[in-house]
Amino acid sequence: MSETQAVTILSRRFPGKRAFITGAGSGLGRAIATEFAAGGWQVGLFDLSAPRLAEAEAALQGAGAVTFTYAGDVANEAVVASSVADFVQRAGGLDVMINNAGVAVAGPVEGTPPADWRWITDINLFGMVWGCQAAVPHLRAAGSGLVLNVASSAGFAAAPQMSAYNATKAAVISLTETLAAELEGSGVQASVAMPGFFSTHLLSTMRAPPEQRAMARRIMESSGEDATSAARAILGAAADGKLHIVWPGKYRLAWQLKRLFPGWFVRRVAKLRDRKLPEANPPPA
């Protein structure tokens, strides 16, 4: 299936064409919103940053989209619930819930400050939980829909020095698998996206030592992928009904190797990280 067919297929499955997206002000969330808007969907945009929301809304409305914006923190369950409920009322229902908002923290298990653990867990894990809790009752009542949770390849690769990020993304994978089992037979699909590195704004809020930030930036800049490519590929796989969405393709081998040879995989990742960190932080000339 061509990636450009994704929203068309989703539109056929869900003719109401109503999607709510968290973290929609920039990066992957905005790219996903752009794809839906181009397909004539009503789109609910949720983001912590009011200025980013205003910019995204202006761009989408300029292209003729119908949008509803909500400035808030996904860590606040009441705000998420009220925003989704308002969108359902104004749009006449809900078909697709994209839980995308996320942040990054780098550092070893014992060296990551408690405040950073709480910050990333509140957003990356509990933000997903609150989004699911807000959306699923509406989708169950309709007897159809899609919940797409955005995790990361970090959730299965578990690279050293990324403990908090890895743990929250692994939790999102498990959360989605559990939700998929609970939704079996309801007509509602649950999918989890596990993208690898691509160009995004994640590093702008990343809490990390300088050397870890430098390595992440170097890998991201050399990925050759962008948010639009990620959005189209992820939506395409979701439209195809996939539970686990691993992208780009080169990460699928890693996903399979981790499942088949977990011990070897962990040792291999540690060796790769030891080689990559000096490359991203060369000594001064």
# chains A, B, ... in the order shown; residues from 1 in each chain; ligands from 1
call {"tool": "residues_around", "arguments": {"residues": "Gly263 in chain A", "least_positions_apart": "6", "cutoff": "12 Å", "atoms": "only C-alpha atoms", "output": "PyMOL selection string"}}
result
chain A and resi 157-158+257+269-270
call {"tool": "select_by_dssp", "arguments": {"residues": "range 110-240 of chain A", "states": "alpha helix (DSSP H)", "output": "ChimeraX atom specification"}}
result
/A:114-120,126-142,154-157,163-182,210-221,227-239
call {"tool": "closest_residue", "arguments": {"among": "A:Phe198, A:Gly155, A:Val66, A:Ala85", "to": "Ala227 in chain A", "atoms": "only C-alpha atoms"}}
result
A:Phe198
call {"tool": "residues_around", "arguments": {"residues": "Ser144 in chain A", "least_positions_apart": "3", "cutoff": "6 Å", "atoms": "only C-alpha atoms", "output": "MDAnalysis selection string"}}
result
chainID A and resid 139 187:188
call {"tool": "write_last_selection", "arguments": {"atoms": "C-alpha atoms", "output": "tab-separated table (two decimals), in the first residue's frame"}}
result
chain	number	residue	atom	x	y	z
A	139	LEU	CA	-14.93	4.89	20.46
A	187	GLY	CA	-14.55	-2.67	16.51
A	188	VAL	CA	-11.87	-0.36	17.92
call {"tool": "closest_residue", "arguments": {"among": "A:Val7, A:Ala170, A:Ala164, A:Ala56", "to": "Thr112 in chain A", "atoms": "only C-alpha atoms"}}
result
A:Ala164
